[in-house]
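A short worksheet on the structure shown next.
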Amino acid sequence: MSDSVLANQKKLFGHPVGLYILFLTEMWERFSYYGMRAILVLYLVAETAADNPGLGWANDSAIALYGWYTMFVYVASIPGGIIADKILGQRKSVYVGGLLLVAGHSVLAIEQMWAFYTGLVLIVMGVGMLKPNISTMVGGLYPKNEQNKRDMGFYIFYMGINLGAAAAALAVGYVGENIGWHWGFGMAGVGMLIGQLTYAFGQKHIKHVGNLVVDDRSDNEKKESGNLLVSIFKHTNSIIGFVIMVLLGLFVWFYYDSWDYGLLIIGLAFAVGVGIVVYNDGNKIEKDRILVTYLSFLIIIIFWGAFEQAGGLMNVYAKQKTNLALTSDFSVPASWFQSVNAIFILIFATIVGSFWVWWKNRKKESSSLFKMAIGVIIMGWGFFFMSIASKEVGYDAAGEVVAKSGMQWLVLAYLFHTLGELCASPVALSFITKLAPERWMAFMMGAYFAATGLGNKVAGLLGESATELGEFTIFTGIAMFCTVMGLLVIAILKPLKRLTHGAEDLEGKDADETEGFELADPEIND
């Protein structure tokens with residue numbers, strides 16, 4: 001898309017109107033996702049004989065399912081991104097994803113086990129199609145030489161995510177815990193339907209972005225990106241990467257007798273192979289930038305592996321080991337704590353964004369990688385408050401909880417998690433759109449969310465281990481590990497920045513466009 005077309009978009013408050021369409025669509029999609037997420041684990045562990053019966057699962061089993069589910073939700077972004085890059089384009093892929101999500105949340109409202117698992121599968125497919133592509137479309141609304149405005153656009157978009165998340169935890173959480181779990185699931189579905197209608201009626205403002213990218217290079221230049229899976233086996237480095245992952249998966253499967261994790265690693269072999277194919281497809285500058293992007297995924301996995309304790313271990317901890325009595329007549333629903341992070345984001349997003357502008361104007365280090373490292377450290381420190389909380393819990397001889405910790409520790413933990421998230425997450429989204437080649441934009445965004453999914457699975461594994469190791473060990477270990485990893489990234493920041501080839505220094509300059517690609521005519525793709 002030419003910068004002249006982007007510059008002539010209809011604006012509202014200095015940003016394209018299309019941003020607000022995507023903002024509202026994502027807000028309602030996140031309402032549905034975070035609403036269901038707020039009550040999922042609580043529904044799984046609720047006793048079958050309770051007034052509001054659940055499935056009666058053990059804590060570790062419930063957290064394990066939560067880890068698998070949230071992992072697949074984001075890993076599905078890889079095929080979702082490939083479908084957008086090669087078949088539908090991002091705009092149509094978002095539409096398909098929204099329809100799948102409406103169906104998935106609606107099926108969850110049915111009180112049958114087949115409906116429960118079917119709904120989860122549909123949601124995984126829907127998020128995989130919608131999530132990476134709508135985020136990529138936000139970046140596509142801005143010319144490449146308006147990096148600061150693009151960053152602010154992602155902050156606005158991020159506000160939409162958290163408006164939906166805050167409202168969902170309060171509304172869906174209350175309905176689910178106090179009226180009925182399946183009524184809560186159904187309420188999440190209604191939110192997704194509103195989001196889908198918003199997206200449908202706002203098409204005129206976004207028809208110029210997210211369309212299928214046509215590869216105009218010669219046959220010789222584009223042969224390696226024809227069939228991705230076949231291309232894995234055409235080059236030595238992609239074959240080596242694929243084989244190493246397969247062997248590792250087989251080792252885990254047979255040596256540790258863990259077929260599920262073995263299959264997961266074997267499945268990731270294809271993702272690694274495709275990632276190397278994408279790397280091979282670039283020129284020298286593109287390869288360096290892709291390499292930095294892949295390295296940033298490690299930071300993302302660490303960040304979300306810690307952060308996503310919120311929906312699993314910390315959610316169960318709030319329900320079972322936190323004193324939730326606000327007054328003698330009212331106890332705070334445990335699911336409401338899932339809104340604390342989102343509410344803090346709405347309060348602090350502008351403050352944190354303004355701080356980084358002030359920091360940059362003072363000629364201080366303000367690269368995306370630096371912000372992500374600082375975010376990991378700050379978020380990790382939040383777990384020290386949970387370490388304090390876990391020491392307040394008292395048990396009797398039978399291991400039953402007889403003294404619970406105060407709510408303030410959860411609130412303080414979520415405050416630090418929020419500040420860390422505001423430093424790392426929206427910046428990471430913008431960072432991908434700056435470094436990724438346009439022809440692989442949706443795939444790279446999908447890979448980002450897949451890394452987020454792997455982080456979610458790590459979170460599930462850590463949450464499961466709390467049953468054996470105890471919350472204090474897990475919370476303190478996470479805090480210390482995040483601090484060390486963040487400092488390590490800062491230590492190697494200079495060589496990493498060199499590999500970006502100034503991708504973050506384009507403000508006020510003409511951005512280099514990738515040769516050989518143009519957007520298909522929006523009218524043809526409508």
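The chains in the structure tokens are called A, B, ... from first to last as shown; in each chain the residues are counted from 1, and the ligands are counted from 1 in the order shown.
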
### Task
Could you give me, as a count of residues only, the residues within 10 Å of Ile432 of chain A, counting only C-alpha atoms and dropping anything in the same chain fewer than 4 positions from it?
19

Using only C-alpha atoms, tabulate the residues of segment 53-142 of chain A lying at most 8 Å from any atom of segment 304-320 of chain A, each with its closest atom pair and that distance in Å to one decimal, by chain and increasing residue number, as a tab-separated table.
residue	atom	partner	partner_atom	distance
A:Asn59	CA	A:Val316	CA	7.5
A:Ile63	CA	A:Gly312	CA	5.5
A:Tyr66	CA	A:Gly312	CA	6.8
A:Gly67	CA	A:Gly312	CA	7.9

Next item on the list: Excluding Ala424 of chain A and residues on its chain fewer than 4 positions from it, collect all residues at most 7 Å away from it, counting only C-alpha atoms, and give them as a list in words.
Entry: Lys371, Met372, Gly375, Gly420 and Ala428 of chain A

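Closest approach to Gly470 of chain A among A:Asp60, A:Val75, A:Phe233, A:Val332: A:Asp60, based on only C-alpha atoms.
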
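Nearest residue to Phe251 of chain A among A:Val401, A:Gly460, A:Leu263, A:Gly119 is A:Leu263, counting only C-alpha atoms.
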
Worksheet item: Skipping near chain neighbours, those fewer than 2 positions away, what residues fall within 12 Å of segment 364-366 of chain A using only C-alpha atoms, listed as number ranges by chain?
Response: A: 353, 355-362, 368-374, 423-424, 427, 490, 493-494, 497, 504-505

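Contact shell of Leu88 of chain A at 9 Å (only C-alpha atoms; same-chain neighbours under 3 positions omitted): Ile83, Ala84, Asp85, Arg91, Lys92, Ser93, Asn211, Leu212 and Asn525 of chain A.
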
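Compared by their closest atoms to Glu438 of chain A, and using only C-alpha atoms, the residues A:Ala109, A:Ile39, A:Phe23, A:Gly282 rank with A:Gly282 nearest.
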
Within 9 Å of Leu193 of chain A using only C-alpha atoms, minus same-chain residues under 6 positions, as an mmCIF file with N, CA and C atoms, in the first residue's frame:
data_model
loop_
_atom_site.group_PDB
_atom_site.id
_atom_site.type_symbol
_atom_site.label_atom_id
_atom_site.label_comp_id
_atom_site.auth_asym_id
_atom_site.auth_seq_id
_atom_site.Cartn_x
_atom_site.Cartn_y
_atom_site.Cartn_z
ATOM 1 N N TRP A 28 -14.278 -6.409 21.557
ATOM 2 C CA TRP A 28 -15.317 -7.413 21.782
ATOM 3 C C TRP A 28 -14.770 -8.834 21.650
ATOM 4 N N GLU A 29 -13.774 -9.015 20.793
ATOM 5 C CA GLU A 29 -13.158 -10.349 20.709
ATOM 6 C C GLU A 29 -12.455 -10.683 22.018
ATOM 7 N N GLY A 98 -13.643 -14.486 13.133
ATOM 8 C CA GLY A 98 -14.755 -14.001 13.946
ATOM 9 C C GLY A 98 -15.955 -14.933 13.902
ATOM 10 N N LEU A 99 -16.265 -15.462 12.729
ATOM 11 C CA LEU A 99 -17.379 -16.404 12.612
ATOM 12 C C LEU A 99 -17.119 -17.667 13.427
ATOM 13 N N LEU A 101 -15.287 -17.905 16.070
ATOM 14 C CA LEU A 101 -15.362 -17.558 17.486
ATOM 15 C C LEU A 101 -16.809 -17.443 17.961
ATOM 16 N N VAL A 102 -17.649 -16.846 17.151
ATOM 17 C CA VAL A 102 -19.074 -16.769 17.511
ATOM 18 C C VAL A 102 -19.631 -18.180 17.704
#

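Proximity to Leu326 of chain A was assessed for A:Trp253, A:Tyr43, A:Gly399, A:Gln408 counting only C-alpha atoms; the smallest distance is recorded for A:Gln408.
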
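You can rank A:Thr473, A:Ser425, A:Asn283, A:Asn456 by their closest distance to Asp151 of chain A using only C-alpha atoms, and at the top of that list sits A:Ser425.
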
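Here the question is which of A:Tyr279, A:Trp57, A:Tyr158, A:Trp68 gets nearest to Gly455 of chain A using only C-alpha atoms, and that residue is A:Trp68.
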
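Within segment 148-391 of chain A, DSSP run on the backbone puts these residues in strand (DSSP E or B): A:Val213, A:Val214, A:Asp215, A:Thr322, A:Ala325, A:Ser331.
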
Quiz item: Mind checking DSSP for segment 208-439 of chain A and telling me the helix (DSSP H, G or I) residues as a ChimeraX atom specification?
Solution: /A:219-225,228-234,236-255,259-280,284-307,313-321,334-361,368-392,407-435,438-439

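In this model, the gap between atom CA of His208 of chain A and atom CA of Gly446 of chain A comes to 21.0 Å.
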
**Report entry** For Gln338 of chain A: contacts at 10 Å, only C-alpha atoms, fewer than 5 positions along chain excluded, given as a list in words
**Finding:** Tyr34, Gly35, Arg37, Ala38, Ile39, Ala165, Ala166, Ala167, Ala168, Ala169, Leu170, Gly173, Ala310, Gly311, Met314, Asn315, Ala318, Pro333, Ile343 and Tyr414 of chain A

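Take atom CA of Gly241 of chain A and atom CA of Ile266 of chain A: the distance between them is 11.3 Å.
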
Separating atom CA of Gly249 of chain A from atom CA of Gly80 of chain A, to the nearest tenth of an Å, is a gap of 23.8 Å
